[in-house]
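For reference, work-v2.txt (compact mmCIF, C-alpha atoms and all ligand atoms):
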# COMPACT_ATOMS: atom_id res chain seq x y z
CA MET A 474 73.42 124.80 92.05
CA HIS A 475 71.44 121.74 91.02
CA ALA A 476 73.86 120.16 88.64
CA LEU A 477 77.48 119.15 88.87
CA PRO A 478 80.03 121.19 86.94
CA PRO A 479 80.66 119.65 83.50
CA THR A 480 84.13 118.42 84.52
CA ILE A 481 82.71 116.25 87.32
CA ILE A 482 80.93 113.25 85.85
CA PRO A 483 79.14 110.41 87.68
CA LEU A 484 79.80 107.03 86.07
CA ASP A 485 77.43 104.13 86.73
CA THR A 486 79.54 101.02 87.39
CA MET A 487 76.51 98.77 86.79
CA HIS A 488 77.46 96.51 89.69
CA LEU A 489 76.24 92.94 89.02
CA GLY A 490 74.58 94.30 85.90
CA ARG A 491 72.28 96.57 87.90
CA ALA A 492 72.02 100.34 87.48
CA GLU A 493 72.49 102.88 90.29
CA ILE A 494 74.23 100.83 92.96
CA ILE A 495 77.84 102.04 92.93
CA CYS A 496 78.68 105.44 91.49
CA CYS A 497 82.26 106.25 90.48
CA TYR A 498 83.15 109.89 89.80
CA LEU A 499 85.33 111.11 86.96
CA VAL A 500 87.03 114.48 87.48
CA ARG A 501 88.43 115.79 84.22
CA GLY A 502 91.59 117.91 84.13
CA THR A 503 95.16 117.85 82.87
CA VAL A 504 95.25 114.59 84.85
CA ASN A 505 91.95 112.70 84.73
CA ILE A 506 90.90 111.31 88.11
CA LEU A 507 88.60 108.47 89.15
CA ILE A 508 87.22 108.75 92.67
CA ASP A 509 86.21 105.34 94.09
CA PRO A 510 86.32 103.11 90.99
CA GLY A 511 84.36 100.31 92.72
CA PRO A 512 85.19 96.61 92.91
CA THR A 513 87.22 94.78 90.25
CA VAL A 514 84.13 93.10 88.75
CA VAL A 515 82.84 96.46 87.48
CA LEU A 516 85.91 97.34 85.39
CA PRO A 517 84.40 96.28 82.03
CA ALA A 518 81.30 98.41 82.68
CA LEU A 519 83.45 101.27 83.94
CA ALA A 520 85.47 101.10 80.71
CA GLU A 521 82.21 101.41 78.76
CA ALA A 522 81.11 104.38 80.86
CA LEU A 523 84.46 106.08 80.22
CA ALA A 524 84.18 105.39 76.49
CA VAL A 525 80.96 107.43 76.41
CA HIS A 526 83.19 110.39 77.36
CA GLY A 527 85.84 109.48 74.82
CA LEU A 528 88.23 108.08 77.43
CA THR A 529 89.92 104.79 78.23
CA PHE A 530 91.72 103.75 81.43
CA ALA A 531 94.96 104.79 79.72
CA ASP A 532 93.66 108.38 79.97
CA ILE A 533 93.19 108.13 83.76
CA GLY A 534 96.21 109.26 85.79
CA ALA A 535 94.96 109.04 89.36
CA ILE A 536 92.73 106.83 91.48
CA VAL A 537 91.45 108.58 94.61
CA LEU A 538 89.76 106.55 97.35
CA THR A 539 87.42 107.78 100.09
CA HIS A 540 88.02 104.44 101.84
CA ILE A 541 89.06 100.89 101.00
CA HIS A 542 85.81 98.95 101.48
CA LEU A 543 85.59 96.58 98.53
CA ASP A 544 82.66 98.34 96.85
CA HIS A 545 84.76 101.55 96.70
CA GLY A 546 88.38 100.56 96.28
CA GLY A 547 88.42 96.88 95.32
CA ALA A 548 89.57 97.61 91.77
CA ALA A 549 92.47 99.87 92.76
CA GLY A 550 95.12 97.15 92.78
CA THR A 551 94.04 95.73 89.44
CA LEU A 552 93.98 99.17 87.83
CA LEU A 553 97.43 100.09 89.14
CA ASP A 554 98.78 96.72 88.05
CA ARG A 555 97.43 97.11 84.51
CA TYR A 556 98.30 100.79 84.16
CA PRO A 557 101.81 101.55 85.46
CA HIS A 558 101.34 105.33 85.05
CA MET A 559 98.48 105.52 87.60
CA THR A 560 98.94 106.82 91.15
CA LEU A 561 96.68 105.98 94.10
CA TYR A 562 95.62 108.48 96.79
CA VAL A 563 94.29 107.09 100.06
CA HIS A 564 94.30 107.57 103.85
CA GLU A 565 97.59 106.71 105.53
CA ARG A 566 95.78 104.24 107.81
CA ALA A 567 94.75 102.17 104.78
CA LEU A 568 98.31 101.78 103.49
CA THR A 569 99.21 98.52 105.24
CA HIS A 570 95.97 96.87 104.03
CA LEU A 571 96.73 97.82 100.44
CA VAL A 572 100.38 96.78 100.47
CA ASP A 573 99.37 93.47 102.06
CA PRO A 574 95.61 92.86 101.71
CA THR A 575 95.68 89.41 103.39
CA LYS A 576 93.86 90.59 106.52
CA LEU A 577 91.31 92.58 104.57
CA ILE A 578 90.55 89.66 102.26
CA THR A 579 90.29 87.25 105.19
CA SER A 580 87.81 89.43 107.06
CA ALA A 581 85.77 90.12 103.90
CA THR A 582 85.70 86.40 103.15
CA ARG A 583 84.28 85.78 106.62
CA ILE A 584 81.34 88.00 105.63
CA TYR A 585 80.86 87.13 101.96
CA GLY A 586 82.16 83.55 101.80
CA ASP A 587 82.08 81.99 98.33
CA GLN A 588 80.36 85.11 96.98
CA MET A 589 83.62 87.11 97.10
CA ASP A 590 84.53 86.52 93.45
CA VAL A 591 81.01 87.16 92.18
CA LEU A 592 80.43 90.32 94.22
CA TRP A 593 83.86 91.94 94.16
CA GLY A 594 86.51 90.07 92.16
CA GLU A 595 90.25 90.11 92.86
CA PHE A 596 91.87 92.51 95.33
CA LEU A 597 95.51 92.90 94.34
CA ALA A 598 98.29 94.18 96.57
CA ILE A 599 99.71 97.57 95.61
CA PRO A 600 103.39 98.52 95.89
CA ALA A 601 103.81 101.32 98.43
CA ALA A 602 105.75 103.36 95.87
CA ARG A 603 102.54 103.76 93.83
CA ILE A 604 100.55 105.17 96.76
CA VAL A 605 100.33 108.76 98.02
CA THR A 606 99.05 108.74 101.60
CA LEU A 607 96.89 111.48 103.09
CA ASN A 608 95.72 112.30 106.60
CA GLY A 609 93.14 115.01 106.06
CA GLY A 610 93.75 118.73 106.46
CA GLU A 611 96.19 118.96 103.58
CA PRO A 612 95.59 120.47 100.15
CA LEU A 613 95.71 117.97 97.32
CA HIS A 614 96.81 118.95 93.82
CA ILE A 615 96.43 116.45 91.00
CA GLY A 616 97.33 118.03 87.66
CA ASP A 617 95.38 121.28 87.52
CA GLN A 618 92.67 120.02 89.91
CA ARG A 619 92.66 121.01 93.57
CA PHE A 620 90.93 119.42 96.55
CA THR A 621 90.71 119.99 100.27
CA VAL A 622 91.18 116.67 102.06
CA ILE A 623 89.10 116.07 105.19
CA ALA A 624 89.68 113.29 107.71
CA ALA A 625 86.25 111.68 107.95
CA PRO A 626 86.08 108.95 110.59
CA GLY A 627 82.62 107.52 111.31
CA HIS A 628 81.80 104.95 108.63
CA ALA A 629 85.41 103.72 108.70
CA ILE A 630 88.37 104.97 110.68
CA HIS A 631 90.37 105.56 107.48
CA HIS A 632 87.61 107.39 105.60
CA LEU A 633 88.50 110.65 103.81
CA MET A 634 86.34 113.21 102.06
CA TYR A 635 87.57 115.40 99.21
CA ILE A 636 86.20 118.86 98.48
CA HIS A 637 86.90 119.96 94.94
CA GLN A 638 88.09 123.56 94.60
CA PRO A 639 86.81 126.02 93.66
CA THR A 640 83.47 124.31 92.95
CA ASN A 641 83.03 123.07 96.55
CA VAL A 642 81.68 119.74 95.35
CA ALA A 643 82.26 117.20 98.14
CA PHE A 644 83.11 113.57 97.47
CA VAL A 645 81.73 111.99 100.61
CA GLY A 646 81.96 108.24 99.96
CA ASP A 647 79.64 106.61 102.51
CA MET A 648 79.83 109.39 105.12
CA ALA A 649 76.55 110.94 103.95
CA GLY A 650 74.73 107.61 104.09
CA ILE A 651 72.70 106.13 101.27
CA ARG A 652 70.13 107.93 99.18
CA MET A 653 68.86 106.73 95.86
CA PRO A 654 68.30 109.13 92.94
CA GLY A 655 64.93 110.87 93.13
CA TYR A 656 64.30 109.93 96.78
CA ARG A 657 64.41 112.01 99.94
CA TYR A 658 64.96 109.14 102.37
CA VAL A 659 68.53 108.84 103.73
CA ARG A 660 69.49 105.39 105.04
CA PRO A 661 72.35 104.74 107.48
CA ALA A 662 75.38 102.78 106.26
CA THR A 663 76.91 101.44 109.47
CA PRO A 664 78.83 98.25 108.62
CA PRO A 665 81.51 96.59 110.78
CA PRO A 666 84.26 96.75 111.84
CA ASP A 667 84.95 100.34 112.91
CA ILE A 668 81.90 102.58 112.72
CA ASP A 669 82.03 105.33 115.33
CA LEU A 670 78.84 107.38 115.73
CA GLU A 671 80.36 110.18 117.82
CA ALA A 672 83.19 110.61 115.31
CA TRP A 673 80.55 110.51 112.57
CA ASP A 674 78.68 113.43 114.15
CA ALA A 675 81.90 115.45 114.33
CA THR A 676 82.72 114.67 110.70
CA LEU A 677 79.26 115.81 109.59
CA GLN A 678 79.78 119.08 111.47
CA THR A 679 83.08 119.58 109.66
CA LEU A 680 81.38 118.88 106.36
CA ARG A 681 78.66 121.45 107.10
CA HIS A 682 81.30 124.09 107.86
CA HIS A 683 82.70 123.60 104.38
CA THR A 684 79.23 124.41 102.89
CA PRO A 685 79.49 121.99 99.97
CA SER A 686 77.66 122.94 96.79
CA ALA A 687 76.91 119.26 96.19
CA MET A 688 77.65 115.96 97.90
CA CYS A 689 78.67 113.08 95.66
CA LEU A 690 77.45 109.85 97.26
CA THR A 691 78.72 106.46 96.18
CA HIS A 692 75.24 104.96 96.74
CA TYR A 693 74.02 106.80 94.73
CA GLY A 694 74.79 110.01 92.87
CA PRO A 695 74.99 113.73 93.70
CA VAL A 696 72.65 115.46 96.15
CA PHE A 697 72.17 119.21 96.45
CA ASP A 698 69.89 119.78 99.46
CA ILE A 699 72.83 119.50 101.85
CA GLU A 700 71.42 120.60 105.22
CA PRO A 701 68.15 118.60 105.15
CA HIS A 702 70.08 115.57 103.94
CA LEU A 703 72.65 115.76 106.74
CA ASP A 704 69.94 116.43 109.34
CA ALA A 705 68.10 113.33 108.14
CA LEU A 706 71.23 111.19 108.23
CA HIS A 707 72.17 112.32 111.72
CA ALA A 708 68.68 111.52 113.00
CA ALA A 709 68.58 108.16 111.20
CA ASN A 710 72.00 107.05 112.47
CA TRP A 711 71.01 107.64 116.08
CA ARG A 712 67.45 106.31 115.67
CA TRP A 713 68.85 102.99 114.44
CA ALA A 714 71.64 102.98 117.00
CA GLU A 715 69.25 103.54 119.93
CA LEU A 716 66.89 100.85 118.66
CA VAL A 717 69.71 98.32 118.39
CA ARG A 718 71.03 99.27 121.82
CA GLY A 719 67.59 98.69 123.31
CA TRP A 720 67.21 95.33 121.57
CA MET A 721 70.62 94.20 122.78
CA LEU A 722 69.84 95.21 126.36
CA ALA A 723 66.52 93.35 126.11
CA GLY A 724 68.31 90.22 124.87
CA ILE A 725 66.42 90.07 121.57
CA GLU A 726 67.77 87.45 119.13
CA PRO A 727 69.84 88.80 116.18
CA SER A 728 67.42 87.33 113.61
CA GLU A 729 64.52 89.12 115.30
CA GLN A 730 66.57 92.33 115.45
CA LEU A 731 67.08 92.07 111.69
CA ARG A 732 63.35 91.64 111.14
CA LEU A 733 62.62 94.64 113.36
CA LEU A 734 65.27 96.85 111.74
CA THR A 735 64.05 95.95 108.26
CA ALA A 736 60.52 96.93 109.31
CA GLN A 737 61.91 100.16 110.79
CA ALA A 738 63.73 100.96 107.52
CA THR A 739 60.45 100.61 105.63
CA ALA A 740 58.64 102.77 108.19
CA ASP A 741 61.40 105.42 107.94
CA MET A 742 60.80 105.66 104.19
CA GLY A 743 57.23 106.86 104.76
CA ALA A 744 55.45 107.50 101.47
CA GLU A 745 58.59 106.48 99.55
CA ALA A 746 58.20 102.89 100.76
CA THR A 747 56.69 101.76 97.47
CA GLU A 748 57.68 98.39 96.02
CA GLN A 749 60.09 100.24 93.72
CA GLY A 750 61.52 102.36 96.53
CA ILE A 751 62.08 99.43 98.86
CA SER A 752 63.89 97.47 96.16
CA ALA A 753 66.03 100.49 95.15
CA TYR A 754 67.30 100.83 98.73
CA GLN A 755 67.72 97.09 99.17
CA LYS A 756 70.22 97.10 96.31
CA GLY A 757 72.14 100.05 97.67
CA ALA A 758 72.37 99.21 101.36
CA SER A 759 72.58 96.03 103.34
CA ILE A 760 70.52 96.29 106.52
CA THR A 761 72.20 93.08 107.70
CA MET A 762 75.62 94.75 107.52
CA SER A 763 74.40 97.92 109.20
CA LEU A 764 72.91 95.85 112.03
CA GLN A 765 76.18 93.95 112.44
CA GLY A 766 78.11 97.22 112.60
CA LEU A 767 75.79 98.75 115.20
CA THR A 768 75.89 95.54 117.27
CA ARG A 769 79.66 95.63 117.26
CA TYR A 770 79.66 99.34 118.10
CA TRP A 771 77.49 98.79 121.19
CA SER A 772 79.16 95.55 122.25
CA LYS A 773 82.31 97.61 122.82
CA ARG A 774 80.39 100.19 124.88
CA LEU A 775 77.64 98.45 126.82
CA PRO A 776 78.37 96.79 130.16
CA PRO A 777 78.81 93.02 129.78
CA THR A 778 75.60 91.06 130.36
CA PRO A 779 75.70 89.05 133.61
ZN ZN A 801 81.96 101.68 102.99

As structure tokens - that is how I would like this structure written.
Amino acid sequence: MHALPPTIIPLDTMHLGRAEIICCYLVRGTVNILIDPGPTVVLPALAEALAVHGLTFADIGAIVLTHIHLDHGGAAGTLLDRYPHMTLYVHERALTHLVDPTKLITSATRIYGDQMDVLWGEFLAIPAARIVTLNGGEPLHIGDQRFTVIAAPGHAIHHLMYIHQPTNVAFVGDMAGIRMPGYRYVRPATPPPDIDLEAWDATLQTLRHHTPSAMCLTHYGPVFDIEPHLDALHAANWRWAELVRGWMLAGIEPSEQLRLLTAQATADMGAEATEQGISAYQKGASITMSLQGLTRYWSKRLPPTP
């Protein structure tokens, strides 16, 4: 299969007015579903994308999140507040952060500072009664649509993947890394605070066992060459991780590590490292964030420096 079934529709959220950064997925059924609507700032563009398919937010009954990073789930609270008929589906471990997002907003503000409103917009609390929590392993029925839910730690401890049945299309959030449309290169997405590379490997194995017909990435779009893609991601995750570990052990300054990792990312792209290719991936993935995540990952595992 090299196309999604007609009932599964990628919607470009046009984040910050730019195409192909954050992809939301519409699954049409007796209850229409949005998987990862994106941050609140994209809602006007998302409404336009829905209108192309003859829908408004009033026609959406369920919001399903792979995880609650702001670029995936930031708009959930606003949507549920505006549309009292909507239900949210999310990992149980994300529940406290959605009911009371104070901690999440504080830690995001530490990273994004005064850019919070521009990049993401508001992040509203959600009453627990509007949320259905999942753990992975359970079947999920929303209207006439069925999914297998998979616990998917690695990128975030509360990450879930959803495999649509019977089409076997997998909604993988950030667990399959970042790959821009038309490119082969797969870039790691390893932000703080809770990436776990060993758990990531195990999750990718689980995903392979489910033999998805397609993987729907948030950044950006569906991919169909599953095995080569996952092989490339696995290799890239560990290549970056080992580089960062070596730099940390050698005491290299963080700013120099960023320069080195950026150069490595360009080298990894090979022939795809054209001006256009480099800028496409720059939009989709922050190397700074991935470096911070890997640094944090190793700082918990390496012996303290004397
Ligand atoms: Zn994420």

request  = Give the residues close to ligand ZN 801 (chain A), within 12 Å, counting all atoms listed in the file; write them as a PyMOL selection string.
outcome  = chain A and resi 495+509+511-512+538-547+625-633+645-651+661-668+690-692+757-759+762-763+766

key: Point-to-point distance from CA of Ser728 in chain A to CA of Arg769 in chain A, Å rounded to tenths   = 15.2 Å

Nearby residues, (70.7, 112.4, 114.9) file frame, 12 Å, all atoms listed in the file, as a list of chain:residue names =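 These residues have at least one counted atom within 12 Å: A:Val659, A:Pro661, A:Leu670, A:Glu671, A:Trp673, A:Asp674, A:Ala675, A:Leu677, A:Gln678, A:Pro701, A:His702, A:Leu703, A:Asp704, A:Ala705, A:Leu706, A:His707, A:Ala708, A:Ala709, A:Asn710, A:Trp711, A:Arg712, A:Trp713, A:Ala714, A:Glu715.
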
Nearest residue to Ala492 in chain A from the set A:Val563, A:Ile604, A:Met653, A:Leu507 (distances using all atoms listed in the file) = A:Met653

key: Non-local contacts of range 565-575 of chain A (7 Å; only C-alpha atoms; under 5 positions in same chain excluded) as a PyMOL selection string   = chain A and resi 541+598-601+606-608+631

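Computed from the coordinates, the CA of Thr739 in chain A to CA of Met688 in chain A distance equals 24.3 Å.
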
inquiry  = With only C-alpha atoms as the counted atoms, please give the residues lying no more than 7 Å from range 635-642 of chain A, apart from itself and same-chain residues fewer than 2 positions off, as a PyMOL selection string.
reply    = chain A and resi 619-623+633+644-645+685-688

Pick from A:Pro557, A:Gly527, A:Pro695, A:Gly719 nearest to Arg501 in chain A, counting all atoms listed in the file =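 With all atoms listed in the file as the atom set, the closest residue is A:Gly527.
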
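For the set A:Phe596, A:Asp590, A:Leu733, A:Val500, the residue with the smallest atom-to-atom gap to Leu577 in chain A is A:Phe596, counting all atoms listed in the file.
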
query = CA of Leu775 in chain A and CA of Arg718 in chain A are how many Å apart?
reply =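 Taking CA of Leu775 in chain A as the start and CA of Arg718 in chain A as the end point, the length is 8.3 Å.
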
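Of the listed residues A:His682, A:His488, A:Arg657, A:Lys576, the one whose atoms come nearest to Glu745 in chain A is A:Arg657, with distances taken using all atoms listed in the file.
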
message = Neighbouring residues of Met559 in chain A were defined as those with any atom within 7 Å, considering only C-alpha atoms; residues of the same chain fewer than 5 positions away were excluded. Please report them as number ranges by chain.
response = A: 534-535, 553

query = Which is closer to Thr560 in chain A than all the others in A:Thr513, A:Ser772, A:Asn505, A:Thr579, using all atoms listed in the file?
reply =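 Closest to Thr560 in chain A of all the choices is A:Asn505.
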
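In terms of minimum interatomic distance to Gln755 in chain A, A:Ile494 ranks closest within A:Ile494, A:Ala624, A:Met589, A:Leu489, counting all atoms listed in the file.
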
Would you mind writing range 488-499 of chain A with all heavy atoms, as a PDB file, in the coordinates of the input?
ATOM      1  N   HIS A 488      77.025  97.650  88.867  1.00  0.00           N
ATOM      2  CA  HIS A 488      77.460  96.510  89.690  1.00  0.00           C
ATOM      3  C   HIS A 488      76.486  95.336  89.552  1.00  0.00           C
ATOM      4  O   HIS A 488      75.276  95.524  89.705  1.00  0.00           O
ATOM      5  CB  HIS A 488      77.569  96.943  91.152  1.00  0.00           C
ATOM      6  CG  HIS A 488      78.166  95.903  92.036  1.00  0.00           C
ATOM      7  ND1 HIS A 488      77.621  95.560  93.244  1.00  0.00           N
ATOM      8  CD2 HIS A 488      79.257  95.112  91.880  1.00  0.00           C
ATOM      9  CE1 HIS A 488      78.370  94.609  93.808  1.00  0.00           C
ATOM     10  NE2 HIS A 488      79.360  94.326  93.003  1.00  0.00           N
ATOM     11  N   LEU A 489      77.025  94.158  89.235  1.00  0.00           N
ATOM     12  CA  LEU A 489      76.240  92.940  89.020  1.00  0.00           C
ATOM     13  C   LEU A 489      75.179  93.142  87.937  1.00  0.00           C
ATOM     14  O   LEU A 489      74.111  92.534  87.958  1.00  0.00           O
ATOM     15  CB  LEU A 489      75.577  92.464  90.323  1.00  0.00           C
ATOM     16  CG  LEU A 489      76.525  92.286  91.524  1.00  0.00           C
ATOM     17  CD1 LEU A 489      75.747  91.855  92.761  1.00  0.00           C
ATOM     18  CD2 LEU A 489      77.626  91.271  91.211  1.00  0.00           C
ATOM     19  N   GLY A 490      75.480  94.050  87.006  1.00  0.00           N
ATOM     20  CA  GLY A 490      74.580  94.300  85.900  1.00  0.00           C
ATOM     21  C   GLY A 490      73.405  95.202  86.247  1.00  0.00           C
ATOM     22  O   GLY A 490      72.504  95.409  85.432  1.00  0.00           O
ATOM     23  N   ARG A 491      73.417  95.760  87.484  1.00  0.00           N
ATOM     24  CA  ARG A 491      72.280  96.570  87.900  1.00  0.00           C
ATOM     25  C   ARG A 491      72.668  98.044  87.982  1.00  0.00           C
ATOM     26  O   ARG A 491      73.752  98.394  88.466  1.00  0.00           O
ATOM     27  CB  ARG A 491      71.759  96.095  89.265  1.00  0.00           C
ATOM     28  CG  ARG A 491      71.251  94.661  89.205  1.00  0.00           C
ATOM     29  CD  ARG A 491      70.748  94.173  90.545  1.00  0.00           C
ATOM     30  NE  ARG A 491      71.768  94.242  91.578  1.00  0.00           N
ATOM     31  CZ  ARG A 491      71.581  93.781  92.813  1.00  0.00           C
ATOM     32  NH1 ARG A 491      70.436  93.243  93.165  1.00  0.00           N
ATOM     33  NH2 ARG A 491      72.545  93.861  93.702  1.00  0.00           N
ATOM     34  N   ALA A 492      71.758  98.891  87.510  1.00  0.00           N
ATOM     35  CA  ALA A 492      72.020 100.340  87.480  1.00  0.00           C
ATOM     36  C   ALA A 492      71.913 100.940  88.878  1.00  0.00           C
ATOM     37  O   ALA A 492      71.185 100.430  89.738  1.00  0.00           O
ATOM     38  CB  ALA A 492      71.032 101.022  86.536  1.00  0.00           C
ATOM     39  N   GLU A 493      72.647 102.033  89.090  1.00  0.00           N
ATOM     40  CA  GLU A 493      72.490 102.880  90.290  1.00  0.00           C
ATOM     41  C   GLU A 493      72.704 102.132  91.594  1.00  0.00           C
ATOM     42  O   GLU A 493      71.869 102.178  92.502  1.00  0.00           O
ATOM     43  CB  GLU A 493      71.126 103.583  90.253  1.00  0.00           C
ATOM     44  CG  GLU A 493      71.026 104.541  89.070  1.00  0.00           C
ATOM     45  CD  GLU A 493      69.703 105.280  88.986  1.00  0.00           C
ATOM     46  OE1 GLU A 493      68.725 104.837  89.617  1.00  0.00           O
ATOM     47  OE2 GLU A 493      69.657 106.310  88.289  1.00  0.00           O
ATOM     48  N   ILE A 494      73.830 101.434  91.687  1.00  0.00           N
ATOM     49  CA  ILE A 494      74.230 100.830  92.960  1.00  0.00           C
ATOM     50  C   ILE A 494      75.525 101.475  93.444  1.00  0.00           C
ATOM     51  O   ILE A 494      75.609 101.958  94.570  1.00  0.00           O
ATOM     52  CB  ILE A 494      74.388  99.300  92.841  1.00  0.00           C
ATOM     53  CG1 ILE A 494      73.031  98.672  92.502  1.00  0.00           C
ATOM     54  CG2 ILE A 494      74.940  98.716  94.145  1.00  0.00           C
ATOM     55  CD1 ILE A 494      73.055  97.179  92.345  1.00  0.00           C
ATOM     56  N   ILE A 495      76.538 101.456  92.581  1.00  0.00           N
ATOM     57  CA  ILE A 495      77.840 102.040  92.930  1.00  0.00           C
ATOM     58  C   ILE A 495      78.176 103.108  91.896  1.00  0.00           C
ATOM     59  O   ILE A 495      78.281 102.825  90.707  1.00  0.00           O
ATOM     60  CB  ILE A 495      78.954 100.967  92.937  1.00  0.00           C
ATOM     61  CG1 ILE A 495      78.653  99.888  93.989  1.00  0.00           C
ATOM     62  CG2 ILE A 495      80.317 101.617  93.193  1.00  0.00           C
ATOM     63  CD1 ILE A 495      79.598  98.694  93.933  1.00  0.00           C
ATOM     64  N   CYS A 496      78.368 104.335  92.381  1.00  0.00           N
ATOM     65  CA  CYS A 496      78.680 105.440  91.490  1.00  0.00           C
ATOM     66  C   CYS A 496      80.157 105.814  91.630  1.00  0.00           C
ATOM     67  O   CYS A 496      80.626 106.114  92.720  1.00  0.00           O
ATOM     68  CB  CYS A 496      77.813 106.654  91.841  1.00  0.00           C
ATOM     69  SG  CYS A 496      77.910 107.965  90.611  1.00  0.00           S
ATOM     70  N   CYS A 497      80.888 105.757  90.525  1.00  0.00           N
ATOM     71  CA  CYS A 497      82.260 106.250  90.480  1.00  0.00           C
ATOM     72  C   CYS A 497      82.211 107.665  89.910  1.00  0.00           C
ATOM     73  O   CYS A 497      81.300 107.995  89.140  1.00  0.00           O
ATOM     74  CB  CYS A 497      83.074 105.333  89.558  1.00  0.00           C
ATOM     75  SG  CYS A 497      84.701 105.963  89.096  1.00  0.00           S
ATOM     76  N   TYR A 498      83.139 108.518  90.323  1.00  0.00           N
ATOM     77  CA  TYR A 498      83.150 109.890  89.800  1.00  0.00           C
ATOM     78  C   TYR A 498      84.426 110.144  89.000  1.00  0.00           C
ATOM     79  O   TYR A 498      85.539 109.859  89.467  1.00  0.00           O
ATOM     80  CB  TYR A 498      83.024 110.902  90.936  1.00  0.00           C
ATOM     81  CG  TYR A 498      81.661 110.824  91.596  1.00  0.00           C
ATOM     82  CD1 TYR A 498      81.437 109.995  92.684  1.00  0.00           C
ATOM     83  CD2 TYR A 498      80.580 111.536  91.075  1.00  0.00           C
ATOM     84  CE1 TYR A 498      80.187 109.891  93.270  1.00  0.00           C
ATOM     85  CE2 TYR A 498      79.323 111.438  91.648  1.00  0.00           C
ATOM     86  CZ  TYR A 498      79.131 110.619  92.744  1.00  0.00           C
ATOM     87  OH  TYR A 498      77.881 110.518  93.309  1.00  0.00           O
ATOM     88  N   LEU A 499      84.227 110.680  87.810  1.00  0.00           N
ATOM     89  CA  LEU A 499      85.330 111.110  86.960  1.00  0.00           C
ATOM     90  C   LEU A 499      85.492 112.621  87.127  1.00  0.00           C
ATOM     91  O   LEU A 499      84.523 113.368  87.011  1.00  0.00           O
ATOM     92  CB  LEU A 499      85.003 110.776  85.497  1.00  0.00           C
ATOM     93  CG  LEU A 499      85.841 111.439  84.409  1.00  0.00           C
ATOM     94  CD1 LEU A 499      87.292 110.941  84.445  1.00  0.00           C
ATOM     95  CD2 LEU A 499      85.225 111.160  83.019  1.00  0.00           C
TER      96      LEU A 499
END
